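Structure file work_6.cif (mmCIF, N, CA and C atoms) is printed below.
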data_data
loop_
_atom_site.label_atom_id
_atom_site.label_comp_id
_atom_site.auth_asym_id
_atom_site.auth_seq_id
_atom_site.Cartn_x
_atom_site.Cartn_y
_atom_site.Cartn_z
N MET A 198 -24.83 -10.99 -44.44
CA MET A 198 -25.27 -10.97 -43.05
C MET A 198 -26.80 -10.95 -43.01
N LYS A 199 -27.35 -11.76 -42.17
CA LYS A 199 -28.80 -11.77 -42.00
C LYS A 199 -29.21 -10.70 -41.01
N ILE A 200 -30.49 -10.48 -40.91
CA ILE A 200 -31.02 -9.53 -39.94
C ILE A 200 -30.83 -10.11 -38.55
N GLN A 201 -30.30 -9.29 -37.64
CA GLN A 201 -30.09 -9.73 -36.27
C GLN A 201 -30.89 -8.84 -35.33
N ASP A 202 -31.43 -9.43 -34.28
CA ASP A 202 -32.10 -8.66 -33.25
C ASP A 202 -31.06 -8.01 -32.35
N ILE A 203 -31.38 -6.81 -31.89
CA ILE A 203 -30.55 -6.13 -30.90
C ILE A 203 -31.37 -6.09 -29.63
N GLU A 204 -30.77 -6.48 -28.54
CA GLU A 204 -31.48 -6.55 -27.27
C GLU A 204 -31.67 -5.16 -26.67
N ILE A 205 -32.89 -4.89 -26.23
CA ILE A 205 -33.20 -3.65 -25.52
C ILE A 205 -33.34 -4.03 -24.06
N ASN A 206 -32.56 -3.35 -23.21
CA ASN A 206 -32.53 -3.74 -21.80
C ASN A 206 -33.82 -3.33 -21.08
N GLY A 207 -33.95 -3.68 -19.83
CA GLY A 207 -35.16 -3.44 -19.04
C GLY A 207 -35.48 -1.97 -18.84
N ARG A 208 -34.47 -1.10 -19.00
CA ARG A 208 -34.71 0.34 -18.85
C ARG A 208 -35.06 1.00 -20.17
N LYS A 209 -35.40 0.19 -21.17
CA LYS A 209 -35.78 0.68 -22.50
C LYS A 209 -34.64 1.43 -23.17
N ARG A 210 -33.43 0.92 -22.99
CA ARG A 210 -32.25 1.53 -23.61
C ARG A 210 -31.64 0.56 -24.61
N LEU A 211 -31.21 1.11 -25.71
CA LEU A 211 -30.55 0.33 -26.75
C LEU A 211 -29.05 0.46 -26.54
N GLU A 212 -28.40 -0.65 -26.27
CA GLU A 212 -26.96 -0.65 -26.03
C GLU A 212 -26.30 -1.71 -26.89
N PHE A 213 -25.23 -1.31 -27.59
CA PHE A 213 -24.46 -2.26 -28.38
C PHE A 213 -23.03 -1.75 -28.49
N ASP A 214 -22.13 -2.67 -28.71
CA ASP A 214 -20.71 -2.35 -28.86
C ASP A 214 -20.45 -2.09 -30.34
N ILE A 215 -19.97 -0.91 -30.69
CA ILE A 215 -19.75 -0.60 -32.11
C ILE A 215 -18.65 -1.45 -32.72
N MET A 216 -17.85 -2.09 -31.90
CA MET A 216 -16.81 -2.99 -32.42
C MET A 216 -17.42 -4.33 -32.87
N ASP A 217 -18.63 -4.63 -32.42
CA ASP A 217 -19.29 -5.89 -32.76
C ASP A 217 -20.22 -5.79 -33.96
N ILE A 218 -20.42 -4.59 -34.49
CA ILE A 218 -21.33 -4.43 -35.63
C ILE A 218 -20.53 -4.12 -36.89
N PRO A 219 -21.11 -4.38 -38.07
CA PRO A 219 -20.41 -4.08 -39.32
C PRO A 219 -20.15 -2.57 -39.46
N SER A 220 -19.14 -2.22 -40.23
CA SER A 220 -18.79 -0.80 -40.40
C SER A 220 -19.85 -0.04 -41.20
N SER A 221 -20.62 -0.74 -42.00
CA SER A 221 -21.68 -0.13 -42.79
C SER A 221 -22.96 -0.94 -42.56
N CYS A 222 -23.87 -0.38 -41.77
CA CYS A 222 -25.08 -1.12 -41.42
C CYS A 222 -26.23 -0.16 -41.17
N VAL A 223 -27.40 -0.74 -41.02
CA VAL A 223 -28.60 0.04 -40.71
C VAL A 223 -29.23 -0.58 -39.47
N ILE A 224 -29.70 0.28 -38.56
CA ILE A 224 -30.42 -0.18 -37.37
C ILE A 224 -31.83 0.39 -37.47
N VAL A 225 -32.82 -0.48 -37.40
CA VAL A 225 -34.22 -0.08 -37.52
C VAL A 225 -34.92 -0.39 -36.20
N ILE A 226 -35.66 0.60 -35.70
CA ILE A 226 -36.39 0.45 -34.45
C ILE A 226 -37.88 0.64 -34.73
N CYS A 227 -38.71 -0.30 -34.26
CA CYS A 227 -40.15 -0.20 -34.43
C CYS A 227 -40.83 -1.02 -33.33
N ASP A 228 -41.80 -0.44 -32.68
CA ASP A 228 -42.59 -1.13 -31.63
C ASP A 228 -41.72 -1.72 -30.52
N GLY A 229 -40.69 -1.01 -30.12
CA GLY A 229 -39.86 -1.49 -29.03
C GLY A 229 -38.90 -2.59 -29.41
N LYS A 230 -38.78 -2.90 -30.70
CA LYS A 230 -37.85 -3.91 -31.18
C LYS A 230 -36.81 -3.22 -32.06
N ALA A 231 -35.58 -3.71 -32.01
CA ALA A 231 -34.51 -3.17 -32.83
C ALA A 231 -33.86 -4.30 -33.62
N LYS A 232 -33.55 -4.01 -34.88
CA LYS A 232 -32.89 -5.00 -35.74
C LYS A 232 -31.76 -4.31 -36.48
N ILE A 233 -30.71 -5.07 -36.74
CA ILE A 233 -29.55 -4.55 -37.46
C ILE A 233 -29.29 -5.41 -38.68
N ARG A 234 -28.83 -4.74 -39.75
CA ARG A 234 -28.52 -5.46 -40.98
C ARG A 234 -27.35 -4.77 -41.66
N GLU A 235 -26.38 -5.57 -42.10
CA GLU A 235 -25.25 -5.02 -42.84
C GLU A 235 -25.71 -4.56 -44.21
N LEU A 236 -25.21 -3.41 -44.66
CA LEU A 236 -25.57 -2.91 -45.98
C LEU A 236 -24.74 -3.61 -47.05
N PRO A 237 -25.34 -3.87 -48.22
CA PRO A 237 -24.59 -4.54 -49.28
C PRO A 237 -23.56 -3.58 -49.89
N PRO A 238 -22.47 -4.10 -50.47
CA PRO A 238 -21.46 -3.24 -51.07
C PRO A 238 -22.01 -2.46 -52.28
N PHE A 239 -22.92 -3.08 -52.99
CA PHE A 239 -23.58 -2.43 -54.13
C PHE A 239 -25.07 -2.76 -54.04
N GLY A 240 -25.90 -1.80 -54.35
CA GLY A 240 -27.33 -2.08 -54.38
C GLY A 240 -28.13 -1.13 -53.50
N GLU A 241 -29.35 -1.53 -53.23
CA GLU A 241 -30.28 -0.72 -52.46
C GLU A 241 -30.82 -1.54 -51.31
N TYR A 242 -31.18 -0.83 -50.26
CA TYR A 242 -31.80 -1.48 -49.11
C TYR A 242 -33.07 -0.69 -48.82
N LYS A 243 -34.20 -1.32 -48.94
CA LYS A 243 -35.48 -0.64 -48.79
C LYS A 243 -36.16 -1.05 -47.49
N ILE A 244 -36.71 -0.07 -46.81
CA ILE A 244 -37.49 -0.31 -45.61
C ILE A 244 -38.93 0.05 -45.95
N VAL A 245 -39.79 -0.93 -45.95
CA VAL A 245 -41.19 -0.75 -46.34
C VAL A 245 -42.02 -0.58 -45.07
N THR A 246 -42.82 0.49 -45.03
CA THR A 246 -43.66 0.75 -43.87
C THR A 246 -45.13 0.73 -44.26
N HIS A 247 -45.97 0.50 -43.26
CA HIS A 247 -47.42 0.53 -43.44
C HIS A 247 -48.04 1.04 -42.15
N GLN A 248 -48.79 2.10 -42.24
CA GLN A 248 -49.44 2.73 -41.09
C GLN A 248 -48.43 3.05 -39.98
N GLY A 249 -47.27 3.57 -40.39
CA GLY A 249 -46.27 4.01 -39.44
C GLY A 249 -45.45 2.92 -38.79
N LYS A 250 -45.58 1.69 -39.29
CA LYS A 250 -44.82 0.58 -38.73
C LYS A 250 -44.02 -0.11 -39.83
N VAL A 251 -42.88 -0.65 -39.46
CA VAL A 251 -42.03 -1.35 -40.43
C VAL A 251 -42.67 -2.69 -40.76
N LYS A 252 -42.91 -2.91 -42.03
CA LYS A 252 -43.50 -4.18 -42.48
C LYS A 252 -42.43 -5.13 -42.99
N ARG A 253 -41.42 -4.57 -43.70
CA ARG A 253 -40.44 -5.45 -44.33
C ARG A 253 -39.17 -4.65 -44.62
N MET A 254 -38.05 -5.35 -44.60
CA MET A 254 -36.77 -4.77 -44.99
C MET A 254 -36.25 -5.62 -46.14
N ARG A 255 -35.96 -4.96 -47.26
CA ARG A 255 -35.64 -5.71 -48.47
C ARG A 255 -34.31 -5.23 -49.06
N ARG A 256 -33.46 -6.17 -49.41
CA ARG A 256 -32.16 -5.87 -50.02
C ARG A 256 -32.24 -6.15 -51.51
N GLU A 257 -31.78 -5.20 -52.31
CA GLU A 257 -31.70 -5.38 -53.75
C GLU A 257 -30.27 -5.11 -54.18
N GLU A 258 -29.59 -6.17 -54.60
CA GLU A 258 -28.20 -6.03 -55.02
C GLU A 258 -28.10 -6.02 -56.53
N GLY A 259 -27.04 -5.43 -57.00
CA GLY A 259 -26.78 -5.41 -58.43
C GLY A 259 -25.29 -5.38 -58.68
N LYS A 260 -24.92 -5.60 -59.90
CA LYS A 260 -23.52 -5.53 -60.31
C LYS A 260 -23.43 -4.60 -61.50
N SER A 261 -22.31 -3.90 -61.60
CA SER A 261 -22.10 -3.01 -62.74
C SER A 261 -22.00 -3.81 -64.02
N PHE A 262 -22.59 -3.27 -65.07
CA PHE A 262 -22.52 -3.90 -66.38
C PHE A 262 -21.51 -3.09 -67.19
N GLU A 263 -20.25 -3.48 -67.08
CA GLU A 263 -19.18 -2.73 -67.78
C GLU A 263 -18.43 -3.61 -68.71
#
Is it possible to give me this structure as structure tokens?
Amino acid sequence: MKIQDIEINGRKRLEFDIMDIPSSCVIVICDGKAKIRELPPFGEYKIVTHQGKVKRMRREEGKSFE
């Protein structure tokens, strides 16, 4: 799943239907914008900030070496 924007209505409220989002996801809010991203089944998801603002969201996946 790619990063998707979540609409913030005119009253500055974040509204979404939990049936429409993945069961395991992250929602990031910065500067009046909201974005959602499904979490990978394995791996890490990093949110990089700079001066109190989100600069980048990065997914790092891996597989077990067994």
Note to self: When you count only C-alpha atoms, which of these residues is closest to Gln201 in chain A: A:Glu258, A:Asp217, A:Glu241, A:Asp228?
What the structure shows: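 Of A:Glu258, A:Asp217, A:Glu241, A:Asp228, the one nearest Gln201 in chain A is A:Asp217, counting only C-alpha atoms.
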Next item on the list: Quick one: pull the distance between atom N of Ile215 in chain A and CA of Pro238 in chain A, Å, one decimal.
Entry: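 Going from atom N of Ile215 in chain A over to CA of Pro238 in chain A, I get 20.6 Å.
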Check: By how many Å are atom N of Arg210 in chain A and CA of Ile226 in chain A apart?
Finding: 11.8 Å
Note to self: What would the selection look like, as a ChimeraX atom specification, if the PyMOL selection byres (((chain A and resi 256 and name CA) around 8) and name CA) were run on the coordinates I just shared?
What the structure shows: /A:237,240-243,254-255,257-258
Notebook entry, point to check: Out of A:Met216, A:Cys227, A:Ile200, A:Leu211, which residue has the shortest atom-to-atom distance to Gly249 in chain A when counting only N, CA and C atoms?
Noted result: A:Cys227
Next item on the list: Would you please work out which residue, of A:Gly229, A:Ser261, A:Phe239, A:His247, is nearest to Asp202 in chain A when using only C-alpha atoms?
Entry: A:Gly229
Next item on the list: Counting all atoms listed in the file, figure out which residue out of A:Ile224, A:Val251, A:Ile218, A:Ile233 gets nearest to Ile203 in chain A.
Entry: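 Result for the nearest residue to Ile203 in chain A: A:Ile233.
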Notebook entry, point to check: Between CA of Lys232 in chain A and atom C of Lys260 in chain A, what is the spacing in Å?
Noted result: 27.4 Å
Next item on the list: For the file shown, report as a PyMOL selection string the outcome of the PyMOL selection byres ((chain A and resi 221) around 6.5) at residue level.
Entry: chain A and resi 218-220+222-223+234-236
As AutoDock Vina command-line options, please: the centre and edge lengths in Å, to one decimal, of an axis-aligned box enclosing every listed atom of range 241-253 of chain A with 5 Å added on each side.
--center_x -39.4 --center_y -0.7 --center_z -46.0 --size_x 30.1 --size_y 19.5 --size_z 24.5
Next item on the list: Using DSSP on the backbone, list every residue of chain A that comes out as strand (DSSP E), and give them as an MDAnalysis selection string.
Entry: chainID A and resid 201:203 222:227 230:235 241:247 250:257
